[in-house]
Amino acid sequence: MRDPNEALIVIDIQNDFCPGGALAVAGGDQIIPRVNDLLSEFPIRVLTQDWHPADHRSFAASHPGAEPFSVIQMPYGPQVLWPAHCVQGTVGAAFHPDLRSDRADLVLRKGFRPEIDSYSAFFENDHSTPTGLEGYLRSRGATRLTLVGLATDFCVAWSAIDAARLGFEVTVLMGACRAIDLDGSLDRACDDMRAAGVRLEE
Ligand code: VGL
Ligand code: ZN
C-alpha cells in the first residue's frame with residue numbers, strides 16, 4: 001500500500017484519446033489494466049477529463065482554412081489546432097468504458113473555457129488560471145503525486161511540470177502513458193519534465 005500523502009492523477013483516459021476516437025493516441029487503451037490496478041493502491045485518486053465546448057478555440061474547425069495539427073498564435077502563446085475532440089456530453093468525452101472510474105475520489109474537468117486550452121490539470125494554457133486541483137490536493141494532505149494517462153507529451157507532461165513547480169514530489173509512470181508524438185514532442189516533453197525535477201519511471 002501507499003503512504004496517506006500519495007495521490008494518483010489519471011489524465012484524460014477518454015474515448016476520443018483511445019483507438020477509434022477523434023484524437024486517438026496509439027495504444028491509448030493498453031494502459032487501462034495497469035491504471036485500474038493503481039487506482040486500487042492509492043489513497044487519493046483523481047481523474048481528469050478533457051471537456052470542451054463544441055466551438056472550442058483549440059479546434060482547427062474554429063479557424064476557417066486551418067489544418068488540424070497546425071500551430072497558431074493565441075493571446076497566451078502557440079497553440080496546436082486539434083481535430084474536434086472531447087466535446088462536452090458526447091461519447092468521445094466519456095471515460096473509456098474499461099477504466100474503473102468508480103474508484104476515483106474526484107473528477108476534474110478542464111478545457112471548458114471556449115477561448116483557452118488547458119493541457120495541465122493545474123493551470124490553463126496561460127499558465128496562470130488555476131483549475132482548483134492544487135487546493136484540492138493540499139487540503140487532502142497530498143505531497144507526492146504519481147501521474148499516468150494520455151497523452152504523455154501534452155496533458156501528462158504539462159500537468160507533471162506544473163505540479164513540480166508547485167512543490168509536489170512528482171513521478172510519471174511512462175509505461176502507463178501513451179504519447180501523440182507530434183514533430184518530436186515526446187522527446188521535448190521528457191527533457192522538459194526531467195529539467196523540472198519530475199521523476200520518470202517505467
Ligand atoms: C490532450 C491535446 C488536446 C491530452 C488534450 O489529453 O493530452 N491533447 N487536448
Ligand atoms: Zn483537448
# chains A, B, ... in the order shown; residues from 1 in each chain; ligands from 1

$ residues_around --residues "range 16-28 of chain A" --least-positions-apart "4" --cutoff "8 Å" --atoms "only C-alpha atoms" --output "PyMOL selection string"
chain A and resi 12+82-86+92-93+96+150-151+177-180

$ closest_atom_pairs --of "range 30-144 of chain A" --to "range 198-202 of chain A" --cutoff "12 Å" --atoms "only C-alpha atoms" --output "CSV"
residue,atom,partner,partner_atom,distance
A:Ile31,CA,A:Glu202,CA,12.0
A:Arg34,CA,A:Glu202,CA,11.7
A:Arg144,CA,A:Val198,CA,11.1

$ residues_near_ligand --ligand "ligand 2" --cutoff "7 Å" --atoms "only C-alpha atoms and all ligand atoms" --output "compact mmCIF listing (two decimals) with C-alpha atoms, in the first residue's frame"
# COMPACT_ATOMS: atom_id res chain seq x y z
CA ASP A 50 -10.79 16.98 -21.16
CA HIS A 52 -14.52 21.25 -24.44
CA HIS A 85 -12.42 16.10 -29.52
CA CYS A 86 -13.87 15.56 -26.05
CA GLY A 111 -10.66 22.95 -21.13
CA ASP A 117 -6.99 25.39 -23.90
CA TYR A 119 -3.46 20.76 -21.09

$ residues_around --residues "Glu134 in chain A" --least-positions-apart "4" --cutoff "9 Å" --atoms "only C-alpha atoms" --output "ChimeraX atom specification"
/A:121-122,130,138-139,163,166

$ write_last_selection --atoms "C-alpha atoms" --output "mmCIF file, in the first residue's frame"
data_model
loop_
_atom_site.group_PDB
_atom_site.id
_atom_site.type_symbol
_atom_site.label_atom_id
_atom_site.label_comp_id
_atom_site.auth_asym_id
_atom_site.auth_seq_id
_atom_site.Cartn_x
_atom_site.Cartn_y
_atom_site.Cartn_z
ATOM 1 C CA ALA A 121 -4.590 19.631 -14.677
ATOM 2 C CA PHE A 122 -3.381 22.598 -12.580
ATOM 3 C CA PRO A 130 -5.932 27.751 -11.824
ATOM 4 C CA ARG A 138 -3.259 20.214 -0.469
ATOM 5 C CA SER A 139 -6.410 20.118 1.593
ATOM 6 C CA ALA A 163 2.941 20.007 -10.196
ATOM 7 C CA LEU A 166 4.097 23.927 -7.247
#

$ residues_around --residues "Val10 in chain A" --least-positions-apart "4" --cutoff "8 Å" --atoms "only C-alpha atoms" --output "JSON, numbers by chain"
{"A": [35, 45, 46, 47, 48, 147, 148, 149]}

$ residues_around --residues "Phe112 in chain A" --least-positions-apart "6" --cutoff "12 Å" --atoms "only C-alpha atoms" --output "list in words"
Gln49, Asp50, Trp51, His52, Pro53, Ala54, Asp55, His56, Arg57, Ser58, Cys86, Val87, Gln88, Gly89, Ala93, Ser118, Tyr119, Glu124 and Thr131 of chain A

$ write_last_selection --atoms "N, CA and C atoms" --output "PDB file, in the first residue's frame"
ATOM      1  N   GLN A  49     -10.603  15.004 -16.952  1.00  0.00           N
ATOM      2  CA  GLN A  49     -11.465  14.798 -18.112  1.00  0.00           C
ATOM      3  C   GLN A  49     -11.392  16.049 -18.980  1.00  0.00           C
ATOM      4  N   ASP A  50     -10.825  15.895 -20.186  1.00  0.00           N
ATOM      5  CA  ASP A  50     -10.794  16.983 -21.160  1.00  0.00           C
ATOM      6  C   ASP A  50     -12.246  17.256 -21.558  1.00  0.00           C
ATOM      7  N   TRP A  51     -12.674  18.523 -21.542  1.00  0.00           N
ATOM      8  CA  TRP A  51     -14.125  18.800 -21.559  1.00  0.00           C
ATOM      9  C   TRP A  51     -14.367  20.123 -22.278  1.00  0.00           C
ATOM     10  N   HIS A  52     -14.479  20.032 -23.624  1.00  0.00           N
ATOM     11  CA  HIS A  52     -14.516  21.254 -24.443  1.00  0.00           C
ATOM     12  C   HIS A  52     -15.913  21.569 -24.973  1.00  0.00           C
ATOM     13  N   PRO A  53     -16.265  22.872 -25.035  1.00  0.00           N
ATOM     14  CA  PRO A  53     -17.464  23.257 -25.786  1.00  0.00           C
ATOM     15  C   PRO A  53     -17.259  22.959 -27.277  1.00  0.00           C
ATOM     16  N   ALA A  54     -18.340  22.777 -28.023  1.00  0.00           N
ATOM     17  CA  ALA A  54     -18.253  22.325 -29.425  1.00  0.00           C
ATOM     18  C   ALA A  54     -17.495  23.310 -30.313  1.00  0.00           C
ATOM     19  N   ASP A  55     -17.450  24.586 -29.918  1.00  0.00           N
ATOM     20  CA  ASP A  55     -16.755  25.598 -30.746  1.00  0.00           C
ATOM     21  C   ASP A  55     -15.425  26.020 -30.106  1.00  0.00           C
ATOM     22  N   HIS A  56     -14.786  25.107 -29.397  1.00  0.00           N
ATOM     23  CA  HIS A  56     -13.564  25.476 -28.660  1.00  0.00           C
ATOM     24  C   HIS A  56     -12.482  26.012 -29.595  1.00  0.00           C
ATOM     25  N   ARG A  57     -11.721  27.020 -29.105  1.00  0.00           N
ATOM     26  CA  ARG A  57     -10.700  27.668 -29.952  1.00  0.00           C
ATOM     27  C   ARG A  57      -9.499  26.778 -30.233  1.00  0.00           C
ATOM     28  N   SER A  58      -9.358  25.664 -29.537  1.00  0.00           N
ATOM     29  CA  SER A  58      -8.245  24.749 -29.845  1.00  0.00           C
ATOM     30  C   SER A  58      -8.593  23.818 -31.005  1.00  0.00           C
ATOM     31  N   CYS A  86     -13.402  15.409 -27.432  1.00  0.00           N
ATOM     32  CA  CYS A  86     -13.869  15.563 -26.049  1.00  0.00           C
ATOM     33  C   CYS A  86     -14.872  16.700 -25.890  1.00  0.00           C
ATOM     34  N   VAL A  87     -15.850  16.724 -26.800  1.00  0.00           N
ATOM     35  CA  VAL A  87     -16.904  17.729 -26.707  1.00  0.00           C
ATOM     36  C   VAL A  87     -17.853  17.344 -25.565  1.00  0.00           C
ATOM     37  N   GLN A  88     -18.130  18.329 -24.732  1.00  0.00           N
ATOM     38  CA  GLN A  88     -18.921  18.138 -23.503  1.00  0.00           C
ATOM     39  C   GLN A  88     -20.180  17.306 -23.760  1.00  0.00           C
ATOM     40  N   GLY A  89     -20.330  16.241 -23.018  1.00  0.00           N
ATOM     41  CA  GLY A  89     -21.546  15.430 -23.073  1.00  0.00           C
ATOM     42  C   GLY A  89     -21.571  14.374 -24.161  1.00  0.00           C
ATOM     43  N   ALA A  93     -16.142  12.174 -25.144  1.00  0.00           N
ATOM     44  CA  ALA A  93     -15.638  12.803 -23.915  1.00  0.00           C
ATOM     45  C   ALA A  93     -15.762  11.889 -22.700  1.00  0.00           C
ATOM     46  N   SER A 118      -6.497  23.909 -22.049  1.00  0.00           N
ATOM     47  CA  SER A 118      -5.992  23.551 -20.730  1.00  0.00           C
ATOM     48  C   SER A 118      -5.406  22.155 -20.797  1.00  0.00           C
ATOM     49  N   TYR A 119      -4.107  22.068 -21.095  1.00  0.00           N
ATOM     50  CA  TYR A 119      -3.456  20.759 -21.088  1.00  0.00           C
ATOM     51  C   TYR A 119      -3.226  20.291 -19.662  1.00  0.00           C
ATOM     52  N   GLU A 124      -4.618  26.546 -16.774  1.00  0.00           N
ATOM     53  CA  GLU A 124      -4.938  26.606 -18.189  1.00  0.00           C
ATOM     54  C   GLU A 124      -3.664  27.014 -18.944  1.00  0.00           C
ATOM     55  N   THR A 131      -7.044  25.609 -12.017  1.00  0.00           N
ATOM     56  CA  THR A 131      -8.206  24.715 -12.143  1.00  0.00           C
ATOM     57  C   THR A 131      -8.812  24.384 -10.774  1.00  0.00           C
TER      58      THR A 131
END

$ select_by_dssp --residues "range 16-169 of chain A" --states "strand (DSSP E or B)" --output "PyMOL selection string"
chain A and resi 44-50+52+59+71-74+77-80+82+87+95+106-110+123+130+144-150+169

$ write_last_selection --atoms "C-alpha atoms" --output "PDB file, in the first residue's frame"
ATOM      1  CA  ILE A  44      -6.103   9.739  -3.093  1.00  0.00           C
ATOM      2  CA  ARG A  45      -7.344   9.193  -6.656  1.00  0.00           C
ATOM      3  CA  VAL A  46      -8.119  11.903  -9.202  1.00  0.00           C
ATOM      4  CA  LEU A  47      -9.281  11.528 -12.798  1.00  0.00           C
ATOM      5  CA  THR A  48      -9.040  14.421 -15.238  1.00  0.00           C
ATOM      6  CA  GLN A  49     -11.465  14.798 -18.112  1.00  0.00           C
ATOM      7  CA  ASP A  50     -10.794  16.983 -21.160  1.00  0.00           C
ATOM      8  CA  HIS A  52     -14.516  21.254 -24.443  1.00  0.00           C
ATOM      9  CA  PHE A  59     -10.228  23.027 -32.631  1.00  0.00           C
ATOM     10  CA  VAL A  71       0.110  25.712 -34.871  1.00  0.00           C
ATOM     11  CA  ILE A  72      -1.236  29.238 -34.435  1.00  0.00           C
ATOM     12  CA  GLN A  73      -0.503  32.096 -32.059  1.00  0.00           C
ATOM     13  CA  MET A  74      -3.115  32.629 -29.377  1.00  0.00           C
ATOM     14  CA  GLY A  77       1.206  31.672 -26.820  1.00  0.00           C
ATOM     15  CA  PRO A  78       1.437  28.982 -29.527  1.00  0.00           C
ATOM     16  CA  GLN A  79      -1.468  26.558 -29.761  1.00  0.00           C
ATOM     17  CA  VAL A  80      -1.706  23.312 -31.749  1.00  0.00           C
ATOM     18  CA  TRP A  82      -6.620  19.785 -32.855  1.00  0.00           C
ATOM     19  CA  VAL A  87     -16.904  17.729 -26.707  1.00  0.00           C
ATOM     20  CA  PHE A  95     -14.116   7.824 -19.868  1.00  0.00           C
ATOM     21  CA  LEU A 106     -12.536  13.394  -7.782  1.00  0.00           C
ATOM     22  CA  VAL A 107     -13.177  14.030 -11.481  1.00  0.00           C
ATOM     23  CA  LEU A 108     -11.556  17.288 -12.541  1.00  0.00           C
ATOM     24  CA  ARG A 109     -12.798  18.765 -15.828  1.00  0.00           C
ATOM     25  CA  LYS A 110     -10.581  21.096 -17.823  1.00  0.00           C
ATOM     26  CA  PHE A 123      -3.434  25.671 -14.852  1.00  0.00           C
ATOM     27  CA  PRO A 130      -5.932  27.751 -11.824  1.00  0.00           C
ATOM     28  CA  ARG A 144       3.614  13.048  -3.555  1.00  0.00           C
ATOM     29  CA  LEU A 145       1.931  12.673  -6.934  1.00  0.00           C
ATOM     30  CA  THR A 146       2.067   9.856  -9.474  1.00  0.00           C
ATOM     31  CA  LEU A 147       0.817  10.712 -12.959  1.00  0.00           C
ATOM     32  CA  VAL A 148      -0.374   8.319 -15.654  1.00  0.00           C
ATOM     33  CA  GLY A 149      -2.599   8.593 -18.734  1.00  0.00           C
ATOM     34  CA  LEU A 150      -2.907  10.368 -22.083  1.00  0.00           C
ATOM     35  CA  GLU A 169       7.167  15.445  -5.487  1.00  0.00           C
TER      36      GLU A 169
END

$ select_by_dssp --residues "chain A" --states "helix (DSSP H, G or I)" --output "number ranges by chain"
A: 15-17, 28-41, 60-62, 91-93, 101-103, 133-139, 152-165, 185-195

$ write_last_selection --atoms "C-alpha atoms" --output "PDB file, in the first residue's frame"
ATOM      1  CA  ASN A  15     -12.813   7.508 -25.688  1.00  0.00           C
ATOM      2  CA  ASP A  16     -11.576  10.244 -28.035  1.00  0.00           C
ATOM      3  CA  PHE A  17      -7.956   9.593 -26.994  1.00  0.00           C
ATOM      4  CA  GLY A  28      -4.070   4.529 -25.578  1.00  0.00           C
ATOM      5  CA  ASP A  29      -6.305   1.743 -24.297  1.00  0.00           C
ATOM      6  CA  GLN A  30      -3.360  -0.584 -23.492  1.00  0.00           C
ATOM      7  CA  ILE A  31      -2.575   1.262 -20.274  1.00  0.00           C
ATOM      8  CA  ILE A  32      -6.015   0.755 -18.733  1.00  0.00           C
ATOM      9  CA  PRO A  33      -5.427  -2.566 -16.846  1.00  0.00           C
ATOM     10  CA  ARG A  34      -2.375  -1.139 -15.071  1.00  0.00           C
ATOM     11  CA  VAL A  35      -4.148   2.140 -14.317  1.00  0.00           C
ATOM     12  CA  ASN A  36      -7.075   0.209 -12.815  1.00  0.00           C
ATOM     13  CA  ASP A  37      -4.633  -1.626 -10.502  1.00  0.00           C
ATOM     14  CA  LEU A  38      -3.024   1.669  -9.478  1.00  0.00           C
ATOM     15  CA  LEU A  39      -6.461   3.123  -8.703  1.00  0.00           C
ATOM     16  CA  SER A  40      -6.852   0.372  -6.087  1.00  0.00           C
ATOM     17  CA  GLU A  41      -3.479   1.128  -4.474  1.00  0.00           C
ATOM     18  CA  ALA A  60      -8.997  23.507 -36.214  1.00  0.00           C
ATOM     19  CA  ALA A  61     -12.663  23.780 -37.285  1.00  0.00           C
ATOM     20  CA  SER A  62     -12.941  27.010 -35.258  1.00  0.00           C
ATOM     21  CA  VAL A  91     -19.464   9.659 -26.046  1.00  0.00           C
ATOM     22  CA  GLY A  92     -15.980  10.790 -27.113  1.00  0.00           C
ATOM     23  CA  ALA A  93     -15.638  12.803 -23.915  1.00  0.00           C
ATOM     24  CA  SER A 101     -13.702   5.487 -12.925  1.00  0.00           C
ATOM     25  CA  ASP A 102     -15.806   4.362  -9.948  1.00  0.00           C
ATOM     26  CA  ARG A 103     -12.546   4.062  -7.985  1.00  0.00           C
ATOM     27  CA  LEU A 133      -6.690  20.935  -8.275  1.00  0.00           C
ATOM     28  CA  GLU A 134      -3.782  22.290  -6.220  1.00  0.00           C
ATOM     29  CA  GLY A 135      -6.121  23.350  -3.426  1.00  0.00           C
ATOM     30  CA  TYR A 136      -7.944  20.018  -3.502  1.00  0.00           C
ATOM     31  CA  LEU A 137      -4.714  18.033  -3.224  1.00  0.00           C
ATOM     32  CA  ARG A 138      -3.259  20.214  -0.469  1.00  0.00           C
ATOM     33  CA  SER A 139      -6.410  20.118   1.593  1.00  0.00           C
ATOM     34  CA  THR A 152       2.433  11.762 -22.323  1.00  0.00           C
ATOM     35  CA  ASP A 153       3.708  14.728 -24.344  1.00  0.00           C
ATOM     36  CA  PHE A 154       0.774  17.091 -23.787  1.00  0.00           C
ATOM     37  CA  CYS A 155      -1.569  16.790 -20.827  1.00  0.00           C
ATOM     38  CA  VAL A 156       0.597  14.430 -18.746  1.00  0.00           C
ATOM     39  CA  ALA A 157       3.799  16.450 -19.255  1.00  0.00           C
ATOM     40  CA  TRP A 158       2.197  19.849 -18.691  1.00  0.00           C
ATOM     41  CA  SER A 159       0.490  18.576 -15.536  1.00  0.00           C
ATOM     42  CA  ALA A 160       3.690  16.994 -14.215  1.00  0.00           C
ATOM     43  CA  ILE A 161       5.769  20.130 -14.826  1.00  0.00           C
ATOM     44  CA  ASP A 162       3.200  22.385 -13.152  1.00  0.00           C
ATOM     45  CA  ALA A 163       2.941  20.007 -10.196  1.00  0.00           C
ATOM     46  CA  ALA A 164       6.729  20.005  -9.731  1.00  0.00           C
ATOM     47  CA  ARG A 165       6.795  23.816  -9.922  1.00  0.00           C
ATOM     48  CA  SER A 185       7.090  16.491 -28.932  1.00  0.00           C
ATOM     49  CA  LEU A 186       7.688  13.345 -26.862  1.00  0.00           C
ATOM     50  CA  ASP A 187      11.459  13.831 -26.597  1.00  0.00           C
ATOM     51  CA  ARG A 188      10.979  17.507 -25.794  1.00  0.00           C
ATOM     52  CA  ALA A 189       8.379  16.711 -23.145  1.00  0.00           C
ATOM     53  CA  CYS A 190      10.709  14.182 -21.474  1.00  0.00           C
ATOM     54  CA  ASP A 191      13.558  16.704 -21.415  1.00  0.00           C
ATOM     55  CA  ASP A 192      11.267  19.391 -20.008  1.00  0.00           C
ATOM     56  CA  MET A 193       9.896  17.064 -17.334  1.00  0.00           C
ATOM     57  CA  ARG A 194      13.381  15.997 -16.209  1.00  0.00           C
ATOM     58  CA  ALA A 195      14.526  19.655 -16.144  1.00  0.00           C
TER      59      ALA A 195
END

$ atom_distance --atom1 "CA of Phe42 in chain A" --atom2 "CA of Met1 in chain A"
7.2 Å

$ closest_residue --among "A:His127, A:Ile116, A:Pro4, A:Gly65" --to "ligand 1" --atoms "only C-alpha atoms and all ligand atoms"
A:Ile116

$ closest_residue --among "A:Gly141, A:Pro68, A:Gly175, A:Gly167" --to "ligand 1" --atoms "only C-alpha atoms and all ligand atoms"
A:Pro68
